[in-house]
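Undergrad: See upload-v4.txt below, with compact mmCIF, C-alpha atoms.
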```txt
# COMPACT_ATOMS: atom_id res chain seq x y z
CA MET A 14 86.59 160.23 107.86
CA ASN A 15 83.21 158.55 108.17
CA TRP A 16 83.56 156.17 111.12
CA ILE A 17 80.15 154.54 110.42
CA SER A 18 81.06 153.43 106.88
CA ASN A 19 84.79 152.93 107.48
CA TYR A 20 84.66 151.13 110.83
CA VAL A 21 81.17 150.09 111.95
CA ARG A 22 80.01 148.59 108.64
CA PRO A 23 83.14 146.44 108.06
CA LYS A 24 82.90 145.23 111.66
CA ILE A 25 79.26 144.21 111.20
CA ASN A 26 80.03 142.54 107.86
CA SER A 27 82.81 140.52 109.45
CA LEU A 28 80.44 139.24 112.13
CA PHE A 29 77.74 138.11 109.71
CA SER A 30 79.79 137.14 106.67
CA ARG A 31 79.86 133.47 105.67
CA ARG A 32 82.94 131.58 106.71
CA GLU A 33 84.93 129.64 104.16
CA VAL A 34 84.14 125.92 104.30
CA PRO A 35 86.85 123.52 103.10
CA GLU A 36 86.00 121.60 99.95
CA LYS A 37 85.16 117.87 100.13
CA LEU A 38 84.41 118.11 103.84
CA TRP A 39 81.16 116.23 103.36
CA THR A 40 80.06 113.64 100.81
CA LYS A 41 76.46 112.88 99.95
CA CYS A 42 75.61 109.20 99.57
CA PRO A 43 74.10 108.74 96.07
CA GLU A 44 71.90 105.90 97.34
CA CYS A 45 70.26 107.24 100.52
CA GLY A 46 71.24 110.93 100.45
CA THR A 47 72.95 110.89 103.86
CA MET A 48 75.66 113.53 104.33
CA LEU A 49 78.84 111.75 105.40
CA PHE A 50 81.87 113.38 106.98
CA HIS A 51 84.82 112.64 104.70
CA ARG A 52 87.06 111.29 107.47
CA GLU A 53 84.35 108.93 108.66
CA LEU A 54 83.77 107.80 105.08
CA THR A 55 87.48 107.21 104.51
CA ASP A 56 87.78 105.18 107.70
CA ASN A 57 84.85 103.05 106.51
CA LEU A 58 86.55 102.32 103.14
CA CYS A 59 84.15 104.61 101.24
CA VAL A 60 81.09 102.63 102.32
CA CYS A 61 78.03 104.58 103.49
CA THR A 62 77.60 104.13 107.24
CA ASN A 63 73.83 104.51 106.90
CA CYS A 64 72.80 102.23 104.01
CA GLY A 65 76.00 100.29 103.23
CA HIS A 66 76.27 101.63 99.67
CA HIS A 67 79.76 100.95 98.23
CA MET A 68 81.18 104.12 96.71
CA PRO A 69 84.13 104.22 94.28
CA LEU A 70 87.55 103.49 95.76
CA THR A 71 90.78 104.27 93.93
CA ALA A 72 93.18 101.47 93.12
CA ARG A 73 95.88 102.82 95.44
CA ASP A 74 93.47 103.24 98.36
CA ARG A 75 92.18 99.72 97.78
CA LEU A 76 95.68 98.24 97.82
CA THR A 77 96.59 100.25 100.92
CA ALA A 78 93.57 98.82 102.72
CA LEU A 79 94.34 95.30 101.48
CA PHE A 80 98.01 94.84 102.36
CA ASP A 81 99.30 94.54 105.92
CA ASN A 82 99.96 98.00 107.36
CA GLY A 83 99.31 99.41 103.88
CA VAL A 84 102.80 98.34 102.77
CA PHE A 85 103.32 96.96 99.27
CA THR A 86 105.86 97.04 96.46
CA GLU A 87 104.78 98.08 93.00
CA VAL A 88 105.71 95.78 90.14
CA GLU A 89 107.14 97.53 87.09
CA VAL A 90 104.94 97.34 84.00
CA PRO A 91 106.42 97.75 80.50
CA GLN A 92 105.20 100.93 78.82
CA PRO A 93 103.43 100.35 75.47
CA VAL A 94 103.79 102.46 72.34
CA ALA A 95 102.21 105.85 72.94
CA ASP A 96 99.23 106.71 70.68
CA PRO A 97 99.85 103.96 68.09
CA LEU A 98 96.81 104.97 65.97
CA GLN A 99 97.30 108.76 66.19
CA PHE A 100 93.73 108.84 67.47
CA ARG A 101 91.83 112.07 67.83
CA ASP A 102 88.20 112.83 68.66
CA GLN A 103 87.39 116.02 70.57
CA LYS A 104 90.91 115.77 72.01
CA ARG A 105 94.12 114.08 71.02
CA TYR A 106 94.66 110.76 72.81
CA PRO A 107 97.93 111.89 74.48
CA ASP A 108 96.10 114.93 75.84
CA ARG A 109 93.41 112.71 77.36
CA LEU A 110 96.10 110.58 78.99
CA LYS A 111 97.81 113.65 80.45
CA THR A 112 94.49 114.92 81.83
CA ALA A 113 93.74 111.56 83.46
CA GLN A 114 97.26 111.38 84.89
CA ARG A 115 96.94 114.87 86.33
CA ASP A 116 93.50 114.22 87.83
CA THR A 117 94.30 110.82 89.37
CA GLY A 118 98.02 111.06 90.08
CA GLU A 119 98.49 107.64 88.46
CA THR A 120 100.37 106.65 85.33
CA GLU A 121 97.67 104.36 83.94
CA ALA A 122 94.48 102.46 84.72
CA MET A 123 96.05 99.52 86.58
CA ILE A 124 98.50 99.08 89.44
CA VAL A 125 100.38 95.82 90.05
CA ALA A 126 101.73 95.23 93.55
CA GLU A 127 103.13 92.49 95.76
CA GLY A 128 103.09 92.16 99.51
CA GLU A 129 101.39 90.28 102.33
CA ILE A 130 97.82 90.09 103.59
CA ASP A 131 97.71 88.62 107.11
CA ARG A 132 101.27 87.43 106.40
CA THR A 133 100.14 85.59 103.27
CA PRO A 134 102.31 86.67 100.30
CA ILE A 135 100.35 87.55 97.17
CA VAL A 136 100.53 89.48 93.91
CA ALA A 137 97.65 91.87 93.24
CA ALA A 138 96.52 93.78 90.16
CA CYS A 139 93.96 96.54 90.63
CA GLN A 140 92.10 98.60 88.04
CA ASP A 141 91.31 102.25 88.69
CA PHE A 142 87.94 103.32 87.27
CA SER A 143 88.77 106.99 87.81
CA PHE A 144 91.47 106.71 85.12
CA MET A 145 89.55 106.91 81.81
CA GLY A 146 86.88 104.58 83.15
CA GLY A 147 89.46 101.89 83.90
CA SER A 148 89.42 101.13 80.20
CA MET A 149 91.45 98.16 78.98
CA GLY A 150 94.28 99.30 76.75
CA MET A 151 97.72 97.96 75.97
CA PHE A 152 99.07 99.07 79.33
CA VAL A 153 96.41 97.07 81.19
CA GLY A 154 97.31 94.03 79.09
CA ASN A 155 100.99 94.51 79.90
CA ALA A 156 100.11 94.95 83.59
CA ILE A 157 98.20 91.66 83.80
CA ILE A 158 101.02 89.84 82.02
CA ALA A 159 103.56 91.40 84.41
CA ALA A 160 101.40 90.36 87.38
CA ALA A 161 101.07 86.80 86.09
CA GLU A 162 104.81 86.50 85.45
CA ARG A 163 105.62 87.82 88.93
CA ALA A 164 103.11 85.43 90.53
CA VAL A 165 104.66 82.46 88.72
CA GLU A 166 108.19 83.63 89.48
CA ARG A 167 107.48 84.07 93.22
CA LYS A 168 105.01 81.15 93.38
CA ARG A 169 102.33 83.42 94.81
CA PRO A 170 98.57 83.54 94.17
CA LEU A 171 97.28 86.31 91.92
CA ILE A 172 94.35 88.45 93.07
CA LEU A 173 92.81 90.85 90.54
CA PHE A 174 90.37 93.70 91.27
CA SER A 175 88.40 94.62 88.16
CA ALA A 176 86.66 97.94 87.53
CA ALA A 177 86.24 98.97 83.91
CA GLY A 178 83.90 100.29 81.27
CA GLY A 179 85.42 97.95 78.67
CA ALA A 180 88.10 98.31 76.00
CA ARG A 181 89.78 101.65 75.27
CA MET A 182 88.41 102.92 71.97
CA GLN A 183 91.40 105.23 71.40
CA GLU A 184 93.54 102.12 70.81
CA GLY A 185 91.06 100.35 68.53
CA ILE A 186 91.85 96.76 67.63
CA LEU A 187 94.98 96.90 69.76
CA SER A 188 92.84 97.20 72.89
CA LEU A 189 90.70 94.22 71.82
CA MET A 190 93.88 92.17 71.37
CA GLN A 191 94.39 92.41 75.13
CA MET A 192 91.53 89.94 75.61
CA PRO A 193 93.47 86.91 74.25
CA ARG A 194 96.76 88.23 75.70
CA THR A 195 95.36 88.41 79.22
CA THR A 196 93.65 85.03 78.80
CA VAL A 197 97.03 83.46 78.03
CA ALA A 198 98.52 85.20 81.09
CA VAL A 199 95.78 83.78 83.33
CA GLU A 200 96.37 80.29 81.92
CA MET A 201 100.06 80.67 82.72
CA VAL A 202 99.17 81.20 86.39
CA LYS A 203 96.83 78.22 86.41
CA ASP A 204 99.37 75.96 84.68
CA ALA A 205 101.78 76.78 87.52
CA GLY A 206 99.18 75.45 89.98
CA LEU A 207 98.60 78.87 91.55
CA PRO A 208 95.22 80.35 92.51
CA TYR A 209 93.76 83.17 90.44
CA ILE A 210 91.05 85.06 92.36
CA VAL A 211 88.96 87.86 90.85
CA VAL A 212 87.17 90.55 92.86
CA LEU A 213 84.59 92.26 90.66
CA THR A 214 83.79 95.83 91.70
CA HIS A 215 81.33 98.36 90.32
CA PRO A 216 81.27 98.50 87.36
CA THR A 217 82.91 95.62 85.47
CA THR A 218 81.69 95.63 81.89
CA GLY A 219 82.55 95.08 78.23
CA GLY A 220 85.63 93.23 77.05
CA VAL A 221 87.00 93.01 80.59
CA THR A 222 84.05 90.83 81.60
CA ALA A 223 84.53 88.82 78.40
CA SER A 224 88.14 87.99 79.28
CA TYR A 225 90.24 87.99 82.45
CA ALA A 226 87.51 89.16 84.85
CA MET A 227 85.52 85.92 84.48
CA LEU A 228 88.37 83.41 84.31
CA GLY A 229 89.12 83.17 88.03
CA ASP A 230 89.17 80.06 90.17
CA VAL A 231 86.96 82.03 92.56
CA HIS A 232 84.80 85.06 91.75
CA ILE A 233 83.89 87.50 94.51
CA ALA A 234 81.89 90.69 94.00
CA GLU A 235 81.14 93.74 96.08
CA PRO A 236 77.45 94.35 96.90
CA ASN A 237 75.30 95.80 94.10
CA ALA A 238 78.20 95.87 91.62
CA LEU A 239 77.17 96.06 87.95
CA ILE A 240 78.76 93.12 86.12
CA CYS A 241 77.93 92.61 82.46
CA PHE A 242 79.10 92.68 78.86
CA ALA A 243 76.38 94.92 77.41
CA GLY A 244 74.54 97.20 79.83
CA PRO A 245 70.90 96.76 80.85
CA ARG A 246 69.73 99.80 78.85
CA VAL A 247 71.28 98.40 75.65
CA ILE A 248 69.68 95.00 76.23
CA GLU A 249 66.25 96.52 76.94
CA GLN A 250 66.42 98.56 73.75
CA THR A 251 67.48 95.48 71.77
CA ILE A 252 64.94 92.93 73.02
CA ARG A 253 62.27 95.58 73.81
CA GLU A 254 61.37 93.96 77.10
CA LYS A 255 61.53 95.06 80.70
CA LEU A 256 64.38 93.39 82.55
CA PRO A 257 64.03 91.90 86.07
CA ASP A 258 64.83 94.11 89.06
CA GLY A 259 68.52 94.02 89.91
CA PHE A 260 69.40 92.45 86.57
CA GLN A 261 73.20 92.13 86.10
CA ARG A 262 73.86 93.22 89.68
CA ALA A 263 76.10 91.13 91.93
CA GLU A 264 73.27 89.60 93.99
CA TYR A 265 71.34 88.60 90.86
CA LEU A 266 74.43 86.96 89.35
CA LEU A 267 75.15 85.13 92.61
CA ASP A 268 71.63 83.68 92.61
CA HIS A 269 72.11 82.53 89.00
CA GLY A 270 75.48 80.84 89.51
CA MET A 271 77.88 83.33 87.92
CA LEU A 272 79.55 84.34 91.20
CA ASP A 273 80.82 82.45 94.21
CA ARG A 274 80.44 85.15 96.86
CA VAL A 275 79.17 88.68 97.39
CA THR A 276 81.26 90.19 100.16
CA HIS A 277 81.15 93.51 101.98
CA ARG A 278 84.26 95.62 101.50
CA ARG A 279 85.20 95.55 105.19
CA ASP A 280 85.21 91.73 105.11
CA MET A 281 87.07 91.41 101.80
CA LYS A 282 90.57 91.07 103.22
CA SER A 283 89.73 88.24 105.64
CA GLU A 284 87.71 86.51 102.92
CA LEU A 285 90.64 86.65 100.50
CA VAL A 286 93.07 85.39 103.14
CA THR A 287 90.84 82.41 103.97
CA ILE A 288 90.28 81.44 100.32
CA THR A 289 93.90 82.00 99.30
CA ARG A 290 95.36 79.92 102.11
CA MET A 291 92.83 77.18 101.48
CA LEU A 292 93.70 76.98 97.78
CA MET A 293 97.43 77.07 98.56
CA GLY A 294 97.11 74.27 101.11
CA LEU A 295 98.28 76.50 103.95
CA PRO A 296 97.04 76.43 107.57
CA PRO A 297 94.59 79.14 108.68
CA ALA A 298 96.08 82.56 109.30
CA VAL A 299 97.07 83.41 112.85
CA LYS A 300 95.25 86.46 114.15
CA GLY A 301 97.01 89.10 116.22
CA GLU A 302 100.54 90.40 116.41
CA LEU A 303 103.39 87.89 116.41
CA PRO A 304 107.03 88.53 117.31
CA ALA A 305 109.46 88.96 114.47
CA PRO A 306 111.28 85.74 113.45
CA ALA A 307 114.64 87.01 114.71
CA GLU A 308 113.18 87.81 118.14
CA ALA A 309 111.49 84.42 118.34
CA GLU A 310 114.74 82.63 117.54
CA SER A 311 116.68 84.58 120.16
CA THR A 312 113.99 83.78 122.78
CA GLU A 313 114.15 80.08 122.00
CA ASP A 314 117.94 80.00 122.14
CA ALA A 315 118.11 81.79 125.52
CA PRO A 316 117.10 78.79 127.76
CA ALA A 317 119.55 76.55 125.96
CA GLU A 318 122.42 78.99 126.51
CA ALA A 319 121.45 79.36 130.17
CA ALA A 320 121.43 75.57 130.64
CA GLU A 321 124.89 75.24 129.06
CA SER A 322 126.30 77.90 131.36
```
If you convert what's in this file into structure tokens, what do you get?
TA:
Amino acid sequence: MNWISNYVRPKINSLFSRREVPEKLWTKCPECGTMLFHRELTDNLCVCTNCGHHMPLTARDRLTALFDNGVFTEVEVPQPVADPLQFRDQKRYPDRLKTAQRDTGETEAMIVAEGEIDRTPIVAACQDFSFMGGSMGMFVGNAIIAAAERAVERKRPLILFSAAGGARMQEGILSLMQMPRTTVAVEMVKDAGLPYIVVLTHPTTGGVTASYAMLGDVHIAEPNALICFAGPRVIEQTIREKLPDGFQRAEYLLDHGMLDRVTHRRDMKSELVTITRMLMGLPPAVKGELPAPAEAESTEDAPAEAAES
């Protein structure tokens, strides 16, 4: 037995060997390059604490941050016909869907939910860009119709968060048909006298911008979000001219009258509550914790019972 090679060397290697570092412990900001601890980034709603750059946020995380105590009820969305065109490119369309479902943990590119924000009941529809680029297919059309119908049924305002690369090419003309379908759904909400508020996040492009994303009563965008139909590179190549700095970004569109507000993600909830209650003719929201209605009633009844006795 060689004690140097069998004992001393393994002991030395164990002292100087690299320790395993958990994955996704740090995230590098793509804007300023700052290394951000993942827990700190999550607590800040995926906004860089150094430069304020807004990073992608999944639809479920966005809804959890929006609703009171992160509690909401998902609205059922009718499932469309699977792979109606039998589309295939490098992969079969059903295989792409399964891959996206496995990677994101979601069924499709939009979630519809209802709940309360600062005790203001709303219906919300949120696109998830991580699911096939948030592309608008038949499911997204069905989701917006389901959200509009639920808003009208419950007499609640509809708030939509858009994030998409456009229509889903695997569904061809059927995806483009969602543009008039969703337009009709939005008009249904407006005919009922209910507010329809759109929050445009990065990026919102293509047929989504040409339909339901720009039909709101109020349009709010996150800072530096790309909002357009055709991208800047395509436009530059077409007109063969250099575009202005920040062209098609949220701040540029606000200056040119296409948006109503550009709001930081941490302020989005309070902004939506204020606008929603104003459009619904409701008094301003009460800040802070309030007793439950049943407790309040029992407290009010107590003096009366004491007086009777």
Undergrad: Hey, could you make a per-residue contact list for stretch 127-189 of chain A against stretch 218-240 of chain A with 10 Å as the cut-off, showing the nearest pair of atoms and its distance in Å to one decimal, counting all atoms listed in the file, sorted by chain and number, as a Markdown table?
TA:
```
| residue | atom | partner | partner_atom | distance |
| --- | --- | --- | --- | --- |
| A:Gly147 | CA | A:Val221 | CA | 9.8 |
| A:Ser148 | CA | A:Val221 | CA | 8.5 |
| A:Met149 | CA | A:Val221 | CA | 7.0 |
| A:Gly154 | CA | A:Tyr225 | CA | 9.9 |
| A:Ile157 | CA | A:Tyr225 | CA | 8.9 |
| A:Leu171 | CA | A:Gly229 | CA | 9.6 |
| A:Ile172 | CA | A:Gly229 | CA | 9.0 |
| A:Leu173 | CA | A:Ala226 | CA | 8.0 |
| A:Phe174 | CA | A:Ala226 | CA | 8.4 |
| A:Ser175 | CA | A:Ala226 | CA | 6.4 |
| A:Ala176 | CA | A:Thr218 | CA | 7.9 |
| A:Ala177 | CA | A:Thr218 | CA | 6.0 |
| A:Gly178 | CA | A:Thr218 | CA | 5.2 |
| A:Gly179 | CA | A:Gly219 | CA | 4.1 |
| A:Ala180 | CA | A:Gly220 | CA | 5.7 |
| A:Arg181 | CA | A:Gly220 | CA | 9.6 |
| A:Ser188 | CA | A:Gly220 | CA | 9.2 |
| A:Leu189 | CA | A:Gly220 | CA | 7.4 |
```
Undergrad: Hey, which of A:Ile130, A:Val94, A:Leu54, A:Ala159 ends up closest to A:Trp39? Count all atoms listed in the file.
TA: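 Ranked by minimum distance to A:Trp39, first place goes to A:Leu54.
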Undergrad: Which distance in Å separates atom CA of A:Ile186 and atom CA of A:His215, to one decimal?
TA: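 Calculated distance between atom CA of A:Ile186 and atom CA of A:His215 is 25.1 Å.
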Undergrad: Give one line per residue of stretch 123-204 of chain A that approaches stretch 113-118 of chain A to at most 10 Å, naming the two atoms of the closest pair and their distance in Å to one decimal, counting only C-alpha atoms; sort by chain then ascending residue number and deliver it as a tab-separated table.
TA:
```
residue	atom	partner	partner_atom	distance
A:Asp141	CA	A:Thr117	CA	9.1
A:Ser143	CA	A:Thr117	CA	6.9
A:Phe144	CA	A:Ala113	CA	5.6
A:Met145	CA	A:Ala113	CA	6.5
A:Gly146	CA	A:Ala113	CA	9.8
```
Undergrad: Using Å and a single decimal, report how far atom CA of A:Asn63 sits from atom CA of A:Arg274.
TA: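 Computing the Euclidean distance for atom CA of A:Arg274 and atom CA of A:Asn63 yields 22.8 Å.
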Undergrad: Neighbouring residues of stretch 78-91 of chain A were defined as those with any atom within 8 Å, considering all atoms listed in the file; residues of the same chain fewer than 6 positions away were excluded. Please report them as a list in words.
TA: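 Using all atoms listed in the file, the neighbours found are Leu58, Ile124, Val125, Ala126, Glu127, Gly128, Glu129, Ile130, Asp131, Arg132, Phe152, Asn155, Ala156, Ala159, Ala160 and Lys282 of chain A.
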Undergrad: Dump C-alpha atoms for the selected residues as a compact mmCIF listing (two decimals), keeping the file's coordinate frame?
TA:
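See selection.txt below for the written result:
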```txt
# COMPACT_ATOMS: atom_id res chain seq x y z
CA LEU A 58 86.55 102.32 103.14
CA ILE A 124 98.50 99.08 89.44
CA VAL A 125 100.38 95.82 90.05
CA ALA A 126 101.73 95.23 93.55
CA GLU A 127 103.13 92.49 95.76
CA GLY A 128 103.09 92.16 99.51
CA GLU A 129 101.39 90.28 102.33
CA ILE A 130 97.82 90.09 103.59
CA ASP A 131 97.71 88.62 107.11
CA ARG A 132 101.27 87.43 106.40
CA PHE A 152 99.07 99.07 79.33
CA ASN A 155 100.99 94.51 79.90
CA ALA A 156 100.11 94.95 83.59
CA ALA A 159 103.56 91.40 84.41
CA ALA A 160 101.40 90.36 87.38
CA LYS A 282 90.57 91.07 103.22
```
Undergrad: Considering all atoms listed in the file, can you say which of A:Arg246, A:Arg167, A:Arg253, A:Arg262 comes closest to A:Ile135?
TA: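 Selected residue with least distance to A:Ile135: A:Arg167.
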Undergrad: Between A:Ala95, A:Asp56, A:Arg163, A:Gln140, which one has atoms that come closest to A:Asp108, using all atoms listed in the file?
TA: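 Going through A:Ala95, A:Asp56, A:Arg163, A:Gln140 one by one, the smallest distance to A:Asp108 is for A:Ala95.
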Undergrad: Distance atom CA of A:Arg101-atom CA of A:Glu119, one decimal place?
TA: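 Spanning atom CA of A:Arg101 to atom CA of A:Glu119 is a straight-line distance of 22.1 Å.
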Undergrad: Near A:His51, within 7 Å and counting all atoms listed in the file, which residues show up once chain neighbours fewer than 2 positions away are dropped, as a PyMOL selection string?
TA: chain A and resi 37-40+49+53-55
Undergrad: Using all atoms listed in the file, which residue out of A:Leu70, A:Arg109, A:Ser283, A:Gly150 lies closest to A:Met190?
TA: A:Gly150
Undergrad: Which residue is closest to A:Pro193? Choose from A:Thr71, A:Pro134, A:Gly206, A:Ile158 and count only C-alpha atoms.
TA: A:Ile158
